[in-house]
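Okay, structure first, notes after.
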Amino acid sequence: MNLVLLGPPGAGKGTQAEKLIKEFQIPHISTGDMLREAIKNRTELGAQAEKYMTAGELVPDEVVIGIVAERLMQSDATGGFLLDGFPRPVPQARALDQFLQENGKALTAVVNIEVDPQILIARLSGRRVCGTCGAVYHVETKQAKEPGICDLCQGELIHRADDHEETVKNRLAVYSEQTEPLIQYYRESGLLLQVNGEKSIDEVYREIIQELRNRVDP
Ligand code: ADP
Ligand code: ADP
Ligand code: ZN
């Protein structure tokens, strides 16, 4: 299963990814998580990415394409993978197609999670993430058992700086301008699966599984 999760910031990509990787036993490749890890570890990559992420802008393609290609070459990704947050602009999608073709692979499907912008703002302002393992929570819709503490690893839950309102607005604008064209791109290649992301977390998950079953075993 070689999957891409597509959708605006706050659509539920990370949340659904946590469930899908367990179901299919494939690695979760989140460019956002990889870039945040690089910033935390003060690497060269982190230094390159930080100013863009703080402003809610996209990190340059050559940087992001490089880290994804490297990650897809690792042995755990040879039997399948789930990409979350990549590709974003069309040139990244073209680079991914080229990379997969050169390595004798292809995408199984691209799952687009659709959610209204008003709902996205509420989701992002209430989002909390584990600073240690990246698990995703929400102050209302997905509370941790113990407030502020990750259920999975006891790490501390944080409110990402780019989830504050001003940056969120810019990220949504960047999504409309630069990432939304991917919907048409993948529709044309016949890979697109549309899912209504406004239902509960479990309902969205069931719809994704149903759509994937229809695709793989119609
Ligand atoms: P993305 O990775 O697409 O930016 P996340 O998975 O981080 O989105 O979800 C954004 C926020 O919305 C999180 O706080 C998450 O707990 C919450 N959330 C995700 N899916 C749903 C849903 N179906 N209903 C309600 N809240 C959700
Ligand atoms: P969200 O889960 O809310 O969609 P991400 O964690 O995926 O957010 O991304 C956070 C930030 O990391 C983005 O605003 C952007 O600055 C950077 N980023 C992540 N993935 C990419 C990518 N594929 N191309 C360029 N920048 C990226
Ligand atoms: Zn954790």
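Simple scheme: letters A, B, ... for chains in structure tokens order, numbers from 1 for residues in each chain, numbers from 1 for ligands in the order shown.
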Shell of 7 Å around ligand 3 (only C-alpha atoms and all ligand atoms), written as a PDB file with N, CA, C and O atoms, in the first residue's frame:
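Contents of selection-v4.pdb, freshly written:
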```pdb
ATOM      1  N   CYS A 130       1.877  15.858  20.910  1.00  0.00           N
ATOM      2  CA  CYS A 130       2.893  15.395  21.847  1.00  0.00           C
ATOM      3  C   CYS A 130       4.259  15.874  21.362  1.00  0.00           C
ATOM      4  O   CYS A 130       4.640  15.602  20.219  1.00  0.00           O
ATOM      5  N   GLY A 131       4.980  16.567  22.226  1.00  0.00           N
ATOM      6  CA  GLY A 131       6.303  17.079  21.872  1.00  0.00           C
ATOM      7  C   GLY A 131       7.329  15.957  21.711  1.00  0.00           C
ATOM      8  O   GLY A 131       8.374  16.159  21.103  1.00  0.00           O
ATOM      9  N   THR A 132       7.008  14.766  22.221  1.00  0.00           N
ATOM     10  CA  THR A 132       7.958  13.654  22.137  1.00  0.00           C
ATOM     11  C   THR A 132       7.649  12.739  20.950  1.00  0.00           C
ATOM     12  O   THR A 132       8.512  12.492  20.122  1.00  0.00           O
ATOM     13  N   CYS A 133       6.393  12.244  20.841  1.00  0.00           N
ATOM     14  CA  CYS A 133       6.102  11.243  19.790  1.00  0.00           C
ATOM     15  C   CYS A 133       5.238  11.798  18.669  1.00  0.00           C
ATOM     16  O   CYS A 133       5.004  11.103  17.678  1.00  0.00           O
ATOM     17  N   GLY A 134       4.722  13.025  18.793  1.00  0.00           N
ATOM     18  CA  GLY A 134       3.947  13.621  17.690  1.00  0.00           C
ATOM     19  C   GLY A 134       2.476  13.236  17.674  1.00  0.00           C
ATOM     20  O   GLY A 134       1.732  13.686  16.802  1.00  0.00           O
ATOM     21  N   ALA A 135       2.011  12.407  18.615  1.00  0.00           N
ATOM     22  CA  ALA A 135       0.587  12.014  18.636  1.00  0.00           C
ATOM     23  C   ALA A 135      -0.291  13.272  18.716  1.00  0.00           C
ATOM     24  O   ALA A 135       0.095  14.271  19.314  1.00  0.00           O
ATOM     25  N   CYS A 150       0.691  13.019  27.112  1.00  0.00           N
ATOM     26  CA  CYS A 150       0.412  12.075  26.032  1.00  0.00           C
ATOM     27  C   CYS A 150       0.017  10.703  26.575  1.00  0.00           C
ATOM     28  O   CYS A 150       0.720  10.152  27.415  1.00  0.00           O
ATOM     29  N   ASP A 151      -1.098  10.145  26.058  1.00  0.00           N
ATOM     30  CA  ASP A 151      -1.549   8.806  26.463  1.00  0.00           C
ATOM     31  C   ASP A 151      -0.520   7.738  26.106  1.00  0.00           C
ATOM     32  O   ASP A 151      -0.417   6.716  26.770  1.00  0.00           O
ATOM     33  N   LEU A 152       0.190   7.972  24.990  1.00  0.00           N
ATOM     34  CA  LEU A 152       1.041   6.912  24.451  1.00  0.00           C
ATOM     35  C   LEU A 152       2.424   6.874  25.089  1.00  0.00           C
ATOM     36  O   LEU A 152       2.991   5.806  25.275  1.00  0.00           O
ATOM     37  N   CYS A 153       2.999   8.065  25.376  1.00  0.00           N
ATOM     38  CA  CYS A 153       4.398   8.053  25.833  1.00  0.00           C
ATOM     39  C   CYS A 153       4.636   8.955  27.048  1.00  0.00           C
ATOM     40  O   CYS A 153       5.774   9.130  27.459  1.00  0.00           O
ATOM     41  N   GLN A 154       3.567   9.520  27.610  1.00  0.00           N
ATOM     42  CA  GLN A 154       3.674  10.421  28.781  1.00  0.00           C
ATOM     43  C   GLN A 154       4.414  11.721  28.470  1.00  0.00           C
ATOM     44  O   GLN A 154       4.782  12.466  29.379  1.00  0.00           O
ATOM     45  N   GLY A 155       4.672  11.994  27.180  1.00  0.00           N
ATOM     46  CA  GLY A 155       5.321  13.250  26.801  1.00  0.00           C
ATOM     47  C   GLY A 155       4.399  14.442  27.055  1.00  0.00           C
ATOM     48  O   GLY A 155       3.183  14.270  27.277  1.00  0.00           O
TER      49      GLY A 155
END
```
Query raised in the report: Counting only C-alpha atoms and all ligand atoms, what residues are within 6 Å of ligand 2, given as a ChimeraX atom specification?
Result: /A:9-10,31-33,52-53,56-60,64,85-88
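Proximal residues of ligand 1 are Pro9, Gly10, Ala11, Gly12, Lys13, Gly14, Thr15, Arg123, Leu124, Gly126, Arg127, Arg128, Val136, Tyr137, His138, Thr141, Lys142, Gly197, Glu198, Lys199, Ser200 and Ile201 of chain A, by a cut-off of 6 Å on only C-alpha atoms and all ligand atoms.
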**Report entry** Within 12 Å of Ser176 in chain A using only C-alpha atoms, minus same-chain residues under 2 positions, as a ChimeraX atom specification
**Finding:** /A:7-9,88-89,117,169-174,178-183
Requested in this report: Would you please give, as number ranges by chain, all residues of chain A that DSSP assigns to strand (DSSP E) based on the backbone?
Outcome: A: 2-6, 28-30, 81-84, 109-114, 127-130, 136-138, 157-158, 192-196
Could you dump the residues just selected with N, CA, C and O atoms as a tab-separated table (two decimals), in the first residue's frame?
```
chain	number	residue	atom	x	y	z
A	2	ASN	N	0.91	1.97	-1.11
A	2	ASN	CA	1.70	3.21	-1.20
A	2	ASN	C	0.72	4.38	-1.23
A	2	ASN	O	0.12	4.65	-2.26
A	3	LEU	N	0.55	5.03	-0.08
A	3	LEU	CA	-0.54	6.01	0.05
A	3	LEU	C	-0.04	7.43	0.22
A	3	LEU	O	1.02	7.66	0.81
A	4	VAL	N	-0.86	8.37	-0.25
A	4	VAL	CA	-0.67	9.79	0.05
A	4	VAL	C	-1.95	10.29	0.72
A	4	VAL	O	-3.06	10.01	0.25
A	5	LEU	N	-1.80	11.02	1.83
A	5	LEU	CA	-2.94	11.70	2.45
A	5	LEU	C	-2.87	13.17	2.08
A	5	LEU	O	-1.86	13.83	2.35
A	6	LEU	N	-3.96	13.65	1.50
A	6	LEU	CA	-4.01	15.03	1.03
A	6	LEU	C	-5.13	15.74	1.80
A	6	LEU	O	-6.10	15.12	2.19
A	28	HIS	N	4.84	5.85	8.68
A	28	HIS	CA	4.20	7.15	8.55
A	28	HIS	C	5.28	8.17	8.19
A	28	HIS	O	6.17	8.43	9.00
A	29	ILE	N	5.22	8.70	7.00
A	29	ILE	CA	6.24	9.67	6.58
A	29	ILE	C	5.60	11.04	6.52
A	29	ILE	O	4.90	11.39	5.57
A	30	SER	N	5.79	11.82	7.59
A	30	SER	CA	5.21	13.16	7.70
A	30	SER	C	6.34	14.18	7.55
A	30	SER	O	7.24	14.23	8.39
A	81	PHE	N	4.21	2.60	2.17
A	81	PHE	CA	4.43	3.82	2.97
A	81	PHE	C	3.18	4.67	2.95
A	81	PHE	O	2.31	4.51	2.09
A	82	LEU	N	3.11	5.57	3.93
A	82	LEU	CA	2.03	6.53	3.96
A	82	LEU	C	2.64	7.94	4.05
A	82	LEU	O	3.29	8.27	5.04
A	83	LEU	N	2.46	8.71	3.00
A	83	LEU	CA	2.97	10.08	2.99
A	83	LEU	C	1.90	11.03	3.51
A	83	LEU	O	0.75	10.98	3.08
A	84	ASP	N	2.29	11.89	4.46
A	84	ASP	CA	1.35	12.83	5.11
A	84	ASP	C	2.00	14.22	5.04
A	84	ASP	O	3.04	14.45	5.62
A	109	ALA	N	-3.06	4.89	-4.04
A	109	ALA	CA	-4.17	5.85	-4.00
A	109	ALA	C	-3.73	7.13	-3.29
A	109	ALA	O	-2.76	7.13	-2.53
A	110	VAL	N	-4.49	8.19	-3.59
A	110	VAL	CA	-4.31	9.47	-2.90
A	110	VAL	C	-5.64	9.77	-2.23
A	110	VAL	O	-6.66	9.91	-2.91
A	111	VAL	N	-5.64	9.81	-0.90
A	111	VAL	CA	-6.88	10.04	-0.15
A	111	VAL	C	-6.97	11.52	0.18
A	111	VAL	O	-6.13	12.06	0.90
A	112	ASN	N	-8.00	12.18	-0.37
A	112	ASN	CA	-8.19	13.61	-0.10
A	112	ASN	C	-9.26	13.78	0.97
A	112	ASN	O	-10.41	13.39	0.78
A	113	ILE	N	-8.88	14.37	2.09
A	113	ILE	CA	-9.81	14.57	3.21
A	113	ILE	C	-10.36	15.99	3.11
A	113	ILE	O	-9.62	16.95	3.27
A	114	GLU	N	-11.67	16.10	2.84
A	114	GLU	CA	-12.29	17.41	2.62
A	114	GLU	C	-12.94	17.94	3.89
A	114	GLU	O	-13.75	17.24	4.51
A	127	ARG	N	-5.86	22.18	18.56
A	127	ARG	CA	-4.96	21.03	18.42
A	127	ARG	C	-3.83	21.09	19.44
A	127	ARG	O	-3.24	22.15	19.69
A	128	ARG	N	-3.51	19.95	20.02
A	128	ARG	CA	-2.32	19.82	20.87
A	128	ARG	C	-1.58	18.59	20.37
A	128	ARG	O	-2.22	17.60	20.01
A	129	VAL	N	-0.26	18.68	20.33
A	129	VAL	CA	0.51	17.53	19.85
A	129	VAL	C	1.55	17.14	20.90
A	129	VAL	O	2.03	17.99	21.65
A	130	CYS	N	1.88	15.86	20.91
A	130	CYS	CA	2.89	15.40	21.85
A	130	CYS	C	4.26	15.87	21.36
A	130	CYS	O	4.64	15.60	20.22
A	136	VAL	N	-1.47	13.19	18.08
A	136	VAL	CA	-2.33	14.37	17.90
A	136	VAL	C	-3.55	14.31	18.83
A	136	VAL	O	-4.24	13.29	18.90
A	137	TYR	N	-3.83	15.42	19.49
A	137	TYR	CA	-4.99	15.55	20.39
A	137	TYR	C	-5.74	16.83	20.06
A	137	TYR	O	-5.26	17.66	19.29
A	138	HIS	N	-6.93	16.95	20.69
A	138	HIS	CA	-7.69	18.21	20.56
A	138	HIS	C	-8.32	18.51	21.92
A	138	HIS	O	-8.80	17.58	22.59
A	157	LEU	N	2.18	17.67	26.11
A	157	LEU	CA	1.42	18.14	24.95
A	157	LEU	C	1.68	19.63	24.74
A	157	LEU	O	1.67	20.41	25.70
A	158	ILE	N	1.91	20.01	23.49
A	158	ILE	CA	2.21	21.41	23.19
A	158	ILE	C	1.23	21.98	22.17
A	158	ILE	O	0.59	21.25	21.41
A	192	LEU	N	-7.28	9.59	-7.25
A	192	LEU	CA	-7.92	10.34	-6.17
A	192	LEU	C	-9.11	9.62	-5.53
A	192	LEU	O	-10.01	9.16	-6.23
A	193	LEU	N	-9.11	9.54	-4.21
A	193	LEU	CA	-10.26	9.07	-3.45
A	193	LEU	C	-10.71	10.22	-2.55
A	193	LEU	O	-9.90	10.77	-1.82
A	194	GLN	N	-11.99	10.58	-2.62
A	194	GLN	CA	-12.51	11.70	-1.83
A	194	GLN	C	-13.20	11.18	-0.58
A	194	GLN	O	-14.02	10.26	-0.66
A	195	VAL	N	-12.89	11.82	0.55
A	195	VAL	CA	-13.50	11.42	1.82
A	195	VAL	C	-14.01	12.67	2.54
A	195	VAL	O	-13.33	13.70	2.56
A	196	ASN	N	-15.23	12.55	3.12
A	196	ASN	CA	-15.77	13.66	3.90
A	196	ASN	C	-15.12	13.65	5.29
A	196	ASN	O	-15.39	12.77	6.10
```
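The two atoms in question, CA of Tyr205 in chain A and CA of Leu20 in chain A, are spaced 8.1 Å apart.
Of the listed residues A:Leu35, A:Ile65, A:Val216, A:Ala144, the one whose atoms come nearest to Arg94 in chain A is A:Ile65, with distances taken using only C-alpha atoms.
Closest to Glu102 in chain A among A:Gln210, A:Ser189, A:Glu44, A:Ala69 is A:Ala69, based on only C-alpha atoms.
Nearest residue to Asp162 in chain A among A:Asp61, A:Glu211, A:Glu188, A:Glu50 is A:Glu50, counting only C-alpha atoms.
Atom to atom, CA of Gln101 in chain A and CA of Ile26 in chain A stand 19.7 Å apart.
Shortest atom-to-atom contact with Asn103 in chain A among A:Val139, A:Ala49, A:Leu72, A:Val63: A:Leu72, counting only C-alpha atoms.
DSSP secondary structure from the backbone places Val90, Pro91, Gln92, Ala93, Arg94, Ala95, Leu96, Asp97, Gln98, Phe99, Leu100, Gln101, Glu102, Pro117, Gln118, Ile119, Leu120, Ile121, Ala122, Arg123, Leu124, Ser125 and Glu165 of chain A of range 84-165 of chain A in alpha helix (DSSP H).
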